[in-house]
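Below is the file query.cif, which contains mmCIF, C-alpha atoms.
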data_start
loop_
_atom_site.label_atom_id
_atom_site.label_comp_id
_atom_site.auth_asym_id
_atom_site.auth_seq_id
_atom_site.Cartn_x
_atom_site.Cartn_y
_atom_site.Cartn_z
CA MET A 1 -1.33 -112.64 5.08
CA LYS A 2 -4.52 -114.71 5.26
CA ARG A 3 -2.65 -117.65 3.73
CA LEU A 4 -0.10 -117.53 6.54
CA LEU A 5 -2.87 -117.70 9.12
CA ILE A 6 -4.59 -120.59 7.33
CA LEU A 7 -1.46 -122.78 7.13
CA PRO A 8 -1.09 -123.38 10.90
CA ALA A 9 -4.82 -124.10 11.18
CA LEU A 10 -4.58 -126.54 8.26
CA PHE A 11 -1.55 -128.23 9.85
CA ILE A 12 -3.38 -128.60 13.18
CA ALA A 13 -6.47 -129.99 11.46
CA THR A 14 -4.37 -132.44 9.43
CA ALA A 15 -2.48 -133.60 12.54
CA ALA A 16 -5.75 -134.07 14.45
CA ALA A 17 -7.20 -136.09 11.56
CA ALA A 18 -4.06 -138.26 11.38
CA GLN A 19 -4.25 -138.89 15.12
CA GLY A 20 -7.93 -139.79 14.80
CA ASP A 21 -7.19 -142.21 11.95
CA LEU A 22 -4.41 -143.88 13.96
CA LYS A 23 -6.65 -144.13 17.02
CA THR A 24 -9.29 -145.87 14.91
CA GLN A 25 -6.65 -148.17 13.39
CA LEU A 26 -5.13 -149.12 16.76
CA SER A 27 -8.55 -149.57 18.38
CA LYS A 28 -9.31 -152.15 15.68
CA VAL A 29 -6.04 -153.98 16.43
CA TYR A 30 -6.86 -154.12 20.16
CA ALA A 31 -10.44 -155.28 19.38
CA GLU A 32 -9.09 -158.02 17.11
CA LEU A 33 -6.76 -159.16 19.89
CA ASN A 34 -9.73 -159.28 22.30
CA GLY A 35 -11.54 -161.60 19.91
CA TYR A 36 -8.58 -163.96 19.67
CA MET A 37 -8.10 -164.01 23.44
CA LYS A 38 -11.81 -164.63 24.17
CA THR A 39 -11.83 -167.62 21.82
CA LYS A 40 -8.36 -168.81 22.88
CA ASN A 41 -7.25 -168.48 19.24
CA VAL A 42 -3.49 -168.60 19.80
CA ALA A 43 -2.70 -168.83 16.08
CA GLY A 44 -4.78 -165.71 15.38
CA ALA A 45 -3.05 -163.77 18.17
CA GLU A 46 0.35 -164.87 16.83
CA ARG A 47 -0.56 -163.73 13.29
CA LEU A 48 -1.79 -160.39 14.62
CA PHE A 49 1.44 -159.93 16.57
CA ALA A 50 3.58 -160.87 13.54
CA LYS A 51 1.71 -158.33 11.43
CA HIS A 52 1.95 -155.42 13.88
CA ALA A 53 5.06 -156.02 16.01
CA HIS A 54 8.40 -154.30 15.48
CA PRO A 55 11.36 -156.73 15.17
CA GLN A 56 12.85 -155.23 18.36
CA PHE A 57 9.64 -155.57 20.38
CA VAL A 58 9.99 -155.70 24.17
CA TYR A 59 7.43 -156.33 26.92
CA LEU A 60 8.30 -154.70 30.25
CA HIS A 61 6.72 -156.08 33.43
CA PRO A 62 6.23 -153.87 36.53
CA SER A 63 8.83 -156.05 38.29
CA GLY A 64 11.43 -154.99 35.72
CA ARG A 65 11.40 -158.34 33.91
CA LYS A 66 11.75 -158.00 30.13
CA GLN A 67 10.45 -160.31 27.45
CA ASN A 68 10.88 -160.33 23.71
CA GLY A 69 7.94 -161.13 21.44
CA LYS A 70 8.55 -164.90 21.37
CA GLN A 71 8.78 -165.12 25.15
CA MET A 72 5.60 -163.08 25.59
CA LEU A 73 3.70 -165.20 23.06
CA ASP A 74 4.97 -168.45 24.61
CA GLU A 75 3.71 -167.34 28.04
CA MET A 76 0.32 -166.37 26.57
CA LYS A 77 0.09 -169.70 24.73
CA GLN A 78 0.93 -171.64 27.90
CA SER A 79 -1.88 -169.88 29.82
CA LEU A 80 -4.50 -170.21 27.07
CA THR A 81 -3.76 -173.87 26.32
CA ALA A 82 -3.40 -175.06 29.93
CA PRO A 83 -5.62 -178.06 30.74
CA GLY A 84 -9.08 -176.89 31.74
CA ALA A 85 -8.37 -173.24 30.86
CA THR A 86 -11.56 -171.36 29.96
CA MET A 87 -11.51 -167.67 29.07
CA ILE A 88 -14.33 -165.76 30.77
CA LYS A 89 -13.53 -162.26 29.52
CA SER A 90 -10.79 -160.35 27.74
CA ILE A 91 -10.88 -156.60 27.31
CA SER A 92 -8.08 -154.44 25.98
CA ARG A 93 -9.15 -150.87 25.32
CA LEU A 94 -7.28 -147.86 23.99
CA GLU A 95 -7.81 -145.07 26.51
CA LYS A 96 -5.49 -142.30 25.31
CA LEU A 97 -3.20 -141.68 22.35
CA LYS A 98 -0.37 -139.18 21.89
CA VAL A 99 0.98 -139.06 18.35
CA GLY A 100 4.33 -137.62 17.33
CA SER A 101 5.98 -137.56 13.94
CA SER A 102 7.74 -140.93 14.34
CA ALA A 103 6.13 -142.51 17.40
CA ALA A 104 2.81 -142.76 19.16
CA VAL A 105 2.14 -143.72 22.77
CA ALA A 106 -1.11 -145.50 23.51
CA THR A 107 -2.34 -145.87 27.07
CA THR A 108 -4.50 -148.98 27.33
CA PHE A 109 -6.70 -150.61 29.94
CA GLY A 110 -6.95 -154.39 30.18
CA ASP A 111 -9.36 -156.60 32.10
CA TRP A 112 -9.41 -160.39 31.87
CA ALA A 113 -10.68 -163.44 33.71
CA MET A 114 -10.28 -167.16 33.13
CA LYS A 115 -10.85 -170.44 34.90
CA MET A 116 -7.86 -172.74 35.14
CA THR A 117 -6.01 -175.06 37.46
CA GLY A 118 -4.06 -173.17 40.09
CA PRO A 119 -0.68 -173.85 41.66
CA ASP A 120 -2.44 -176.09 44.19
CA GLY A 121 -3.81 -178.35 41.43
CA LYS A 122 -7.42 -177.22 42.00
CA PRO A 123 -9.66 -175.21 39.64
CA HIS A 124 -9.73 -171.46 40.30
CA THR A 125 -10.90 -168.26 38.66
CA PHE A 126 -7.98 -165.97 37.86
CA GLY A 127 -8.43 -162.37 36.83
CA GLY A 128 -6.57 -159.18 36.40
CA THR A 129 -6.59 -155.57 35.37
CA SER A 130 -3.73 -153.58 33.94
CA THR A 131 -2.77 -150.28 32.44
CA THR A 132 -0.09 -150.28 29.77
CA GLU A 133 1.84 -147.71 27.82
CA ASP A 134 2.29 -149.07 24.30
CA THR A 135 4.83 -147.43 22.03
CA TRP A 136 4.09 -147.65 18.32
CA VAL A 137 6.73 -146.48 15.83
CA ARG A 138 6.20 -145.32 12.27
CA THR A 139 8.03 -147.53 9.76
CA SER A 140 7.97 -147.87 6.00
CA GLY A 141 5.58 -150.78 6.60
CA GLY A 142 3.20 -148.74 8.75
CA TRP A 143 2.88 -148.39 12.51
CA LYS A 144 4.59 -151.18 14.48
CA LEU A 145 4.34 -151.99 18.18
CA LYS A 146 7.82 -151.63 19.66
CA GLN A 147 7.20 -151.72 23.39
CA VAL A 148 4.52 -152.57 25.92
CA LYS A 149 5.27 -151.22 29.38
CA VAL A 150 2.92 -152.42 32.12
CA LEU A 151 2.30 -149.44 34.39
CA THR A 152 -0.14 -151.09 36.81
CA GLU A 153 -1.22 -154.68 37.26
CA LYS A 154 -3.58 -156.27 39.76
CA MET A 155 -4.26 -159.98 39.73
CA THR A 156 -6.76 -162.06 41.65
CA MET A 157 -7.39 -165.72 42.33
CA ASP A 158 -10.99 -166.43 43.31
CA GLY A 159 -11.49 -162.70 43.87
CA LYS A 160 -8.57 -162.32 46.28
CA PRO A 161 -5.28 -160.52 45.50
CA PHE A 162 -2.74 -162.85 43.96
CA LYS A 163 0.87 -162.54 42.73
CA MET A 164 2.49 -164.91 40.27
#

As structure tokens, please, write out the structure in this file.
Amino acid sequence: MKRLLILPALFIATAAAAQGDLKTQLSKVYAELNGYMKTKNVAGAERLFAKHAHPQFVYLHPSGRKQNGKQMLDEMKQSLTAPGATMIKSISRLEKLKVGSSAAVATTFGDWAMKMTGPDGKPHTFGGTSTTEDTWVRTSGGWKLKQVKVLTEKMTMDGKPFKM
């Protein structure tokens, strides 16, 4: 009888440990991405994406626009390599993680700022904050990022609200 009572407790403890290990693993991935963004290391960000992205990756904007991995990376590259672009800060932090048997959903917070030439041809400071829901799926090759869904996004230009 005692064995039957111990099994559920052992299962719960094992599941909690697995979730903790995944949270640590994903936090390291987000921290590595921060480093690449801060230094405008496009090649590093592309390698990180190639290592951790699912082949059917999709990025969902709040407007409903969808991008595949190549489109998302091309847009990031265009911003980071724009003439005069200087990254001021880049933060992407794992806030919450729900782990299932075949998928995990990570809620993240992002905060960034950079100086670059605006649509008017003059230098400006752009910034933004966002909350995303990132879906990671378990594969034979480990956990892979299948979807990033932007839940909230606020952008500024010189401290004032701005929409692209």

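Among the candidates A:Met37, A:Leu94, A:Ala53, A:Leu151, the one nearest to Ala113 in chain A when counting all atoms listed in the file is A:Met37.
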
The PyMOL selection byres ((chain A and resi 79) around 12) applied to the shown file, residues as number ranges by chain: A: 37, 40-42, 72-78, 80-87, 113-118, 126

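Between Val137 in chain A and the residues A:Leu97, A:Val58, A:Ala103, A:Leu22, the shortest atom-to-atom distance, using all atoms listed in the file, involves A:Ala103.
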
Option closest in space to His61 in chain A, from A:Ser27, A:Ser130, A:Thr135, A:Ser140 [counting only C-alpha atoms]: A:Ser130

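For the file at hand, the PyMOL selection byres ((chain A and resi 56) around 8) resolves to His54, Pro55, Phe57, Val58, Asn68 and Lys146 of chain A.
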
Reference answer for the PyMOL selection byres ((chain A and resi 108) around 12), as a ChimeraX atom specification: /A:23,26-27,30-31,91-98,105-107,109-111,129-135,148-153

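All protein, DNA and RNA residues at most 6 Å from (-9.1, -170.6, 43.2) are Pro123, His124, Thr125, Met157 and Asp158 of chain A, using all atoms listed in the file.
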
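Counting all atoms listed in the file and comparing A:Leu48, A:Lys38, A:Thr156, A:Pro161, the residue that lies closest to Gly69 in chain A is A:Leu48.
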
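Note that the spacing between CA of Gln147 in chain A and CA of Gly35 in chain A amounts to 21.5 Å.
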